[in-house]
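What follows is the content of start23.txt (compact mmCIF, C-alpha atoms and all ligand atoms).
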# COMPACT_ATOMS: atom_id res chain seq x y z
CA MET A 1 -163.83 31.08 48.97
CA ALA A 2 -166.79 29.63 50.79
CA GLY A 3 -168.69 32.77 51.73
CA ARG A 4 -170.43 33.26 55.00
CA ARG A 5 -174.14 33.18 54.61
CA GLY A 6 -176.62 35.59 56.11
CA ALA A 7 -179.20 34.54 58.68
CA LEU A 8 -182.90 34.00 58.04
CA ILE A 9 -184.79 35.85 60.76
CA VAL A 10 -188.58 35.74 60.86
CA LEU A 11 -190.97 37.95 62.81
CA GLU A 12 -194.32 36.46 63.70
CA GLY A 13 -197.23 37.44 65.91
CA ALA A 14 -200.81 38.59 65.85
CA ASP A 15 -201.90 41.74 64.08
CA ARG A 16 -200.82 44.97 65.84
CA ALA A 17 -197.98 43.27 67.70
CA GLY A 18 -195.57 45.67 65.95
CA LYS A 19 -193.92 43.25 63.52
CA SER A 20 -193.60 45.59 60.56
CA THR A 21 -192.23 48.48 62.64
CA GLN A 22 -189.73 46.23 64.38
CA ALA A 23 -188.69 44.53 61.14
CA LYS A 24 -187.82 47.89 59.57
CA ARG A 25 -185.91 49.07 62.64
CA LEU A 26 -184.03 45.81 62.86
CA VAL A 27 -182.85 46.03 59.25
CA GLU A 28 -181.69 49.62 59.79
CA ALA A 29 -179.89 48.77 63.04
CA LEU A 30 -178.15 45.75 61.53
CA LYS A 31 -176.98 47.84 58.58
CA GLU A 32 -175.66 50.55 60.92
CA ARG A 33 -173.66 47.87 62.67
CA GLY A 34 -172.07 46.80 59.40
CA TYR A 35 -174.12 43.72 58.56
CA LYS A 36 -175.67 43.19 55.15
CA ALA A 37 -179.41 43.04 55.86
CA GLU A 38 -182.63 43.34 53.89
CA GLY A 39 -186.31 43.15 54.72
CA MET A 40 -188.92 40.92 53.09
CA ARG A 41 -192.59 40.39 53.86
CA PHE A 42 -195.25 37.76 53.23
CA PRO A 43 -197.59 37.94 51.57
CA GLU A 44 -195.47 39.67 48.92
CA ARG A 45 -198.41 41.36 47.25
CA THR A 46 -196.61 42.63 44.13
CA THR A 47 -196.28 39.32 42.24
CA GLU A 48 -199.07 37.75 40.15
CA ILE A 49 -199.84 35.28 42.94
CA GLY A 50 -199.47 38.04 45.52
CA LYS A 51 -202.09 40.11 43.70
CA LEU A 52 -204.60 37.26 43.96
CA VAL A 53 -203.86 36.96 47.68
CA GLY A 54 -204.02 40.73 48.19
CA SER A 55 -207.36 41.02 46.50
CA TYR A 56 -208.68 38.16 48.66
CA LEU A 57 -207.44 39.84 51.85
CA GLU A 58 -209.01 43.13 50.81
CA LYS A 59 -212.26 41.22 50.24
CA LYS A 60 -212.32 42.25 46.58
CA SER A 61 -212.47 38.59 45.61
CA ASN A 62 -213.45 35.28 47.15
CA LEU A 63 -211.29 32.21 46.99
CA GLU A 64 -211.96 28.72 48.27
CA ASP A 65 -210.14 28.23 51.62
CA HIS A 66 -207.74 25.44 50.55
CA THR A 67 -206.98 27.30 47.36
CA VAL A 68 -205.98 30.53 49.08
CA HIS A 69 -203.86 28.58 51.57
CA LEU A 70 -201.93 27.07 48.68
CA LEU A 71 -201.57 30.48 47.05
CA PHE A 72 -200.07 31.95 50.24
CA SER A 73 -197.60 29.06 50.22
CA ALA A 74 -196.85 29.45 46.50
CA ASN A 75 -196.21 33.13 47.20
CA ARG A 76 -193.40 32.03 49.54
CA TRP A 77 -192.00 29.36 47.21
CA GLU A 78 -191.75 31.81 44.33
CA GLN A 79 -189.35 33.91 46.46
CA VAL A 80 -187.16 30.95 47.48
CA PRO A 81 -184.57 31.26 44.68
CA LEU A 82 -184.11 34.94 45.57
CA MET A 83 -183.99 34.21 49.29
CA LYS A 84 -181.30 31.56 48.84
CA GLU A 85 -179.28 33.80 46.56
CA LYS A 86 -179.38 36.63 49.12
CA LEU A 87 -178.57 34.38 52.08
CA ARG A 88 -175.67 32.80 50.22
CA SER A 89 -174.30 36.21 49.31
CA GLY A 90 -174.14 37.03 53.02
CA VAL A 91 -177.34 39.07 53.32
CA THR A 92 -179.34 38.57 56.50
CA LEU A 93 -183.05 38.50 55.69
CA VAL A 94 -185.53 39.93 58.15
CA VAL A 95 -188.90 38.52 57.15
CA ASP A 96 -192.22 39.97 58.26
CA ARG A 97 -194.45 36.81 58.49
CA TYR A 98 -193.64 33.40 57.01
CA ALA A 99 -195.09 29.88 56.94
CA PHE A 100 -196.16 30.19 60.59
CA SER A 101 -198.67 32.87 59.65
CA GLY A 102 -199.84 30.62 56.85
CA VAL A 103 -200.50 27.74 59.22
CA ALA A 104 -201.82 29.81 62.16
CA PHE A 105 -204.36 31.67 60.03
CA THR A 106 -205.72 28.87 57.84
CA SER A 107 -205.84 26.36 60.68
CA SER A 108 -208.06 28.81 62.57
CA LYS A 109 -210.73 28.19 59.96
CA LYS A 110 -213.27 25.45 60.48
CA ASP A 111 -212.13 21.91 59.62
CA PHE A 112 -208.47 22.72 58.95
CA SER A 113 -205.83 20.77 60.87
CA LEU A 114 -202.40 22.09 61.71
CA HIS A 115 -201.02 18.99 60.02
CA TRP A 116 -202.70 19.65 56.68
CA CYS A 117 -201.81 23.32 56.75
CA LYS A 118 -198.08 22.66 57.19
CA GLN A 119 -197.67 20.37 54.17
CA PRO A 120 -197.18 22.87 51.32
CA ASP A 121 -194.52 24.82 53.26
CA ILE A 122 -192.43 21.76 54.17
CA GLY A 123 -188.92 22.25 52.82
CA LEU A 124 -188.89 26.05 52.66
CA PRO A 125 -185.64 27.63 53.88
CA LYS A 126 -185.68 27.12 57.64
CA PRO A 127 -185.48 30.27 59.74
CA ASP A 128 -182.45 30.46 62.01
CA LEU A 129 -184.56 32.47 64.44
CA VAL A 130 -188.30 33.04 64.78
CA LEU A 131 -189.11 36.06 66.89
CA PHE A 132 -192.63 35.81 68.23
CA LEU A 133 -193.94 39.22 69.25
CA ASP A 134 -196.35 38.30 71.97
CA ILE A 135 -199.24 40.62 72.71
CA SER A 136 -202.56 39.91 74.40
CA PRO A 137 -205.69 40.54 72.32
CA GLU A 138 -206.62 43.23 74.89
CA ALA A 139 -203.31 45.09 74.57
CA ALA A 140 -203.47 44.80 70.78
CA ALA A 141 -206.96 46.30 70.76
CA LYS A 142 -205.68 49.31 72.76
CA ARG A 143 -203.26 50.09 69.92
CA GLY A 144 -206.20 51.05 67.77
CA ASP A 145 -208.73 49.36 65.58
CA PHE A 146 -207.94 46.35 63.50
CA GLY A 147 -208.07 47.13 59.82
CA ASN A 148 -210.84 46.08 57.50
CA GLU A 149 -209.09 43.16 55.90
CA ARG A 150 -210.17 39.58 56.15
CA TYR A 151 -209.24 37.91 59.48
CA GLU A 152 -209.05 41.27 61.29
CA THR A 153 -211.56 40.51 64.05
CA SER A 154 -210.72 39.84 67.67
CA ASP A 155 -212.47 36.45 67.64
CA PHE A 156 -210.39 35.19 64.77
CA GLN A 157 -207.18 36.69 66.21
CA LYS A 158 -207.73 34.75 69.45
CA LYS A 159 -207.89 31.50 67.51
CA VAL A 160 -204.75 32.49 65.63
CA GLN A 161 -202.89 33.08 68.93
CA LYS A 162 -203.78 29.54 70.07
CA ARG A 163 -202.47 28.09 66.84
CA TYR A 164 -199.22 30.02 67.20
CA ALA A 165 -198.87 28.56 70.71
CA GLU A 166 -199.19 25.07 69.24
CA LEU A 167 -196.59 25.84 66.58
CA MET A 168 -194.19 27.13 69.24
CA GLU A 169 -194.17 23.73 70.92
CA ASP A 170 -191.99 22.55 68.03
CA ARG A 171 -188.51 22.60 69.56
CA SER A 172 -186.80 21.86 66.24
CA LEU A 173 -187.22 25.57 65.55
CA ASN A 174 -185.46 28.40 67.32
CA TRP A 175 -188.44 30.32 68.71
CA GLU A 176 -187.88 33.36 70.89
CA MET A 177 -190.88 34.85 72.60
CA ILE A 178 -190.72 38.63 73.02
CA ASP A 179 -193.08 40.61 75.25
CA ALA A 180 -194.44 43.02 72.65
CA ALA A 181 -196.24 45.08 75.29
CA GLN A 182 -192.87 46.58 76.30
CA SER A 183 -191.78 49.92 74.82
CA MET A 184 -190.80 49.94 71.17
CA GLU A 185 -187.23 50.64 72.26
CA ASP A 186 -187.04 47.66 74.63
CA VAL A 187 -188.50 45.31 72.04
CA HIS A 188 -186.00 46.63 69.53
CA SER A 189 -182.94 46.12 71.74
CA ALA A 190 -184.04 42.61 72.68
CA ILE A 191 -184.51 41.46 69.12
CA ARG A 192 -181.38 43.24 67.88
CA GLN A 193 -179.25 41.39 70.39
CA MET A 194 -180.82 38.03 69.55
CA SER A 195 -180.39 38.74 65.85
CA GLU A 196 -176.71 39.64 66.15
CA ASP A 197 -176.10 36.44 68.10
CA ILE A 198 -177.84 34.30 65.51
CA ILE A 199 -176.02 35.96 62.61
CA GLU A 200 -172.75 34.85 64.22
CA GLN A 201 -174.05 31.31 64.81
CA ALA A 202 -175.64 30.78 61.40
CA LYS A 203 -172.87 32.09 59.22
CA ASP A 204 -170.98 28.81 58.82
CA GLN A 205 -174.01 26.52 58.79
CA PRO A 206 -175.95 25.23 55.79
CA ILE A 207 -179.41 26.64 55.20
CA GLY A 208 -181.87 24.22 56.80
CA LYS A 209 -185.22 22.94 55.54
CA LEU A 210 -188.40 23.82 57.37
CA TRP A 211 -190.36 21.00 59.07
CA ILE A 212 -188.12 18.25 57.69
N1 LIG A 301 -201.73 35.64 56.22
C1 LIG A 301 -200.42 35.88 55.99
C2 LIG A 301 -202.28 34.39 55.96
O1 LIG A 301 -203.46 34.17 56.17
N2 LIG A 301 -201.48 33.41 55.44
C3 LIG A 301 -200.15 33.61 55.18
O2 LIG A 301 -199.46 32.70 54.71
C4 LIG A 301 -199.60 34.91 55.47
C5 LIG A 301 -198.16 35.17 55.19
O3 LIG A 301 -202.56 37.75 55.74
N3 LIG A 301 -203.84 39.02 58.48
C6 LIG A 301 -202.60 36.71 56.70
C7 LIG A 301 -202.15 37.32 57.98
C8 LIG A 301 -202.55 38.79 57.86
C9 LIG A 301 -202.61 39.03 56.38
O4 LIG A 301 -201.41 41.01 56.52
C10 LIG A 301 -201.44 39.83 55.88
P1 LIG A 301 -200.15 42.00 56.56
O5 LIG A 301 -200.76 43.22 57.20
O6 LIG A 301 -199.73 42.21 55.14
O7 LIG A 301 -199.10 41.35 57.40
MG MG A 302 -201.72 43.70 58.98
Take the structure from the file and write it as structure tokens.
Amino acid sequence: MAGRRGALIVLEGADRAGKSTQAKRLVEALKERGYKAEGMRFPERTTEIGKLVGSYLEKKSNLEDHTVHLLFSANRWEQVPLMKEKLRSGVTLVVDRYAFSGVAFTSSKKDFSLHWCKQPDIGLPKPDLVLFLDISPEAAAKRGDFGNERYETSDFQKKVQKRYAELMEDRSLNWEMIDAAQSMEDVHSAIRQMSEDIIEQAKDQPIGKLWI
């Protein structure tokens, strides 16, 4: 019997927008409602490639900018067989960051175009829904200090927000902008509803390819 596949749902947004918290709550809520759902995150720091990326983010090592961009992408590709297997077995994947983070962050560095940054991620499983948790740099700063990892400065985060805005102009993707300054509860109900709708829509459709 041709099984019904799960949906690929991605959460994106600047640091401190609440992605990780919301991703966890969404998985729990979907499971309570009887869906098969699992969380994933990128970078996935536990693999060999993920360790290189993690050490770079923690500033324990330096990597050339193109090189680390390709490693972030490779860190997604190495999970693709698993992602496809899960989706095909009916599991909805809730993913904390994806290729959009890859492009938004690297293209905020000097001399990197959006175009170049997208290339290595072309063809990844295409998200059925990209939830963009929108928060102003000011509101994010009120939630507490940024961490000490690379990129965690308000100047860089502002550039990242602009790049996200450019990526959201791409209407071939199903972007949903969520006001992340609302209460945690309101954000949760909004994204839960959108997720349930997309699970119903995606279940009989083939898995798409990103940016193709
Ligand atoms: N990041 C994340 C990238 O620069 N490129 C990528 O492809 C991805 C997935 O790593 N500041 C950046 C964004 C974040 C950091 O942080 C990962 P966290 O707290 O693990 O989401
Ligand atoms: Mg973070």
Using all atoms listed in the file, what residues lie at most 12 Å away from (-198.3, 21.7, 59.2) (file coordinates), given as a PyMOL selection string? chain A and resi 69+73+99-107+112-123+163-164+166-167+170+210-212
Surroundings of ligand LIG 301 (chain A) up to 9 Å, based on only C-alpha atoms and all ligand atoms, as a ChimeraX atom specification: /A:14-16,19-20,41-45,53-54,57,68-73,75-76,96-106,147,149-152,157
Given the choices A:Ile9, A:Ser189, A:Ala74, A:Pro206, which gets closest to Leu173 (chain A) if the distance is worked out from all atoms listed in the file?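 Among A:Ile9, A:Ser189, A:Ala74, A:Pro206, it is A:Ile9 that comes nearest to Leu173 (chain A).
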Provide the CA of Ile49 (chain A) to CA of Gly6 (chain A) distance in Å, to one decimal place. 26.7 Å
Find the distance between CA of Asp186 (chain A) and CA of Ser154 (chain A) and write it in Å to one decimal. 25.9 Å
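Note that CA of Lys24 (chain A) and CA of Glu138 (chain A) are 24.7 Å apart.
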I need the residue nearest Gln79 (chain A) from this list: A:Gly50, A:Gly34, A:Pro137, A:Gly208. Use only C-alpha atoms for the distance.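 Among the listed residues, A:Gly50 lies closest to Gln79 (chain A).
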Just the residues within 12 Å of Tyr35 (chain A), please, counting all atoms listed in the file, with nothing from its chain fewer than 5 positions along; format it as a VMD selection string. chain A and resid 4 to 7 26 to 30 89 to 93 192 195 to 196 199 to 200 203
Considering all atoms listed in the file, state which residue in the set A:Gln201, A:Gln182, A:Asn174, A:Asn148 is at the smallest distance from ligand MG 302 (chain A).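 The shortest atom-to-atom distance to ligand MG 302 (chain A) comes from A:Asn148.
Restricting the calculation to all atoms listed in the file, the smallest distance between ligand MG 302 (chain A) and any of A:Glu85, A:Lys142, A:Thr46, A:Thr21 is found for A:Thr21.
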Taking 5 positions as the minimum chain separation for residues in the same chain, which residues sit within 10 Å of Ser136 (chain A) when counting all atoms listed in the file? Answer as a PyMOL selection string. chain A and resi 14+17+141+157-158+161+179-181
Closest to ligand MG 302 (chain A) among A:Leu124, A:Ala37, A:Leu63, A:Gly18, using only C-alpha atoms and all ligand atoms?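 When distances to ligand MG 302 (chain A) are compared using only C-alpha atoms and all ligand atoms, the smallest one comes from A:Gly18.
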Of the candidates A:Glu58, A:Glu176, A:Lys31, A:His66, which shows the shortest atom-to-atom distance to ligand MG 302 (chain A), using only C-alpha atoms and all ligand atoms?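 Residue with the minimum atom-to-atom distance to ligand MG 302 (chain A): A:Glu58.
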Would you kindly place N, CA and C atoms on region 31-48 of chain A and return the model as a PDB file, in the coordinates of the input?
ATOM      1  N   LYS A  31    -177.806  47.169  59.596  1.00  0.00           N
ATOM      2  CA  LYS A  31    -176.980  47.840  58.580  1.00  0.00           C
ATOM      3  C   LYS A  31    -176.022  48.831  59.228  1.00  0.00           C
ATOM      4  N   GLU A  32    -176.529  49.590  60.208  1.00  0.00           N
ATOM      5  CA  GLU A  32    -175.660  50.550  60.920  1.00  0.00           C
ATOM      6  C   GLU A  32    -174.494  49.850  61.591  1.00  0.00           C
ATOM      7  N   ARG A  33    -174.732  48.618  62.007  1.00  0.00           N
ATOM      8  CA  ARG A  33    -173.660  47.870  62.670  1.00  0.00           C
ATOM      9  C   ARG A  33    -172.768  47.122  61.685  1.00  0.00           C
ATOM     10  N   GLY A  34    -172.979  47.360  60.398  1.00  0.00           N
ATOM     11  CA  GLY A  34    -172.070  46.800  59.400  1.00  0.00           C
ATOM     12  C   GLY A  34    -172.466  45.467  58.812  1.00  0.00           C
ATOM     13  N   TYR A  35    -173.651  44.974  59.159  1.00  0.00           N
ATOM     14  CA  TYR A  35    -174.120  43.720  58.560  1.00  0.00           C
ATOM     15  C   TYR A  35    -174.825  44.035  57.246  1.00  0.00           C
ATOM     16  N   LYS A  36    -174.824  43.053  56.338  1.00  0.00           N
ATOM     17  CA  LYS A  36    -175.670  43.190  55.150  1.00  0.00           C
ATOM     18  C   LYS A  36    -177.038  42.660  55.552  1.00  0.00           C
ATOM     19  N   ALA A  37    -178.061  43.475  55.432  1.00  0.00           N
ATOM     20  CA  ALA A  37    -179.410  43.040  55.860  1.00  0.00           C
ATOM     21  C   ALA A  37    -180.465  43.644  54.957  1.00  0.00           C
ATOM     22  N   GLU A  38    -181.508  42.859  54.700  1.00  0.00           N
ATOM     23  CA  GLU A  38    -182.630  43.340  53.890  1.00  0.00           C
ATOM     24  C   GLU A  38    -183.932  42.825  54.469  1.00  0.00           C
ATOM     25  N   GLY A  39    -184.998  43.569  54.256  1.00  0.00           N
ATOM     26  CA  GLY A  39    -186.310  43.150  54.720  1.00  0.00           C
ATOM     27  C   GLY A  39    -187.092  42.448  53.609  1.00  0.00           C
ATOM     28  N   MET A  40    -187.953  41.542  54.017  1.00  0.00           N
ATOM     29  CA  MET A  40    -188.920  40.920  53.090  1.00  0.00           C
ATOM     30  C   MET A  40    -190.217  40.783  53.857  1.00  0.00           C
ATOM     31  N   ARG A  41    -191.320  40.570  53.157  1.00  0.00           N
ATOM     32  CA  ARG A  41    -192.590  40.390  53.860  1.00  0.00           C
ATOM     33  C   ARG A  41    -193.435  39.367  53.100  1.00  0.00           C
ATOM     34  N   PHE A  42    -194.255  38.658  53.858  1.00  0.00           N
ATOM     35  CA  PHE A  42    -195.250  37.760  53.230  1.00  0.00           C
ATOM     36  C   PHE A  42    -196.608  38.074  53.821  1.00  0.00           C
ATOM     37  N   PRO A  43    -197.660  38.141  53.010  1.00  0.00           N
ATOM     38  CA  PRO A  43    -197.590  37.940  51.570  1.00  0.00           C
ATOM     39  C   PRO A  43    -196.825  39.057  50.878  1.00  0.00           C
ATOM     40  N   GLU A  44    -196.123  38.694  49.778  1.00  0.00           N
ATOM     41  CA  GLU A  44    -195.470  39.670  48.920  1.00  0.00           C
ATOM     42  C   GLU A  44    -196.503  39.990  47.833  1.00  0.00           C
ATOM     43  N   ARG A  45    -197.205  41.095  48.038  1.00  0.00           N
ATOM     44  CA  ARG A  45    -198.410  41.360  47.250  1.00  0.00           C
ATOM     45  C   ARG A  45    -198.145  41.838  45.828  1.00  0.00           C
ATOM     46  N   THR A  46    -196.870  42.045  45.457  1.00  0.00           N
ATOM     47  CA  THR A  46    -196.610  42.630  44.130  1.00  0.00           C
ATOM     48  C   THR A  46    -196.543  41.607  43.004  1.00  0.00           C
ATOM     49  N   THR A  47    -196.379  40.316  43.312  1.00  0.00           N
ATOM     50  CA  THR A  47    -196.280  39.320  42.240  1.00  0.00           C
ATOM     51  C   THR A  47    -197.690  38.950  41.753  1.00  0.00           C
ATOM     52  N   GLU A  48    -197.759  38.159  40.673  1.00  0.00           N
ATOM     53  CA  GLU A  48    -199.070  37.750  40.150  1.00  0.00           C
ATOM     54  C   GLU A  48    -199.851  36.985  41.222  1.00  0.00           C
TER      55      GLU A  48
END
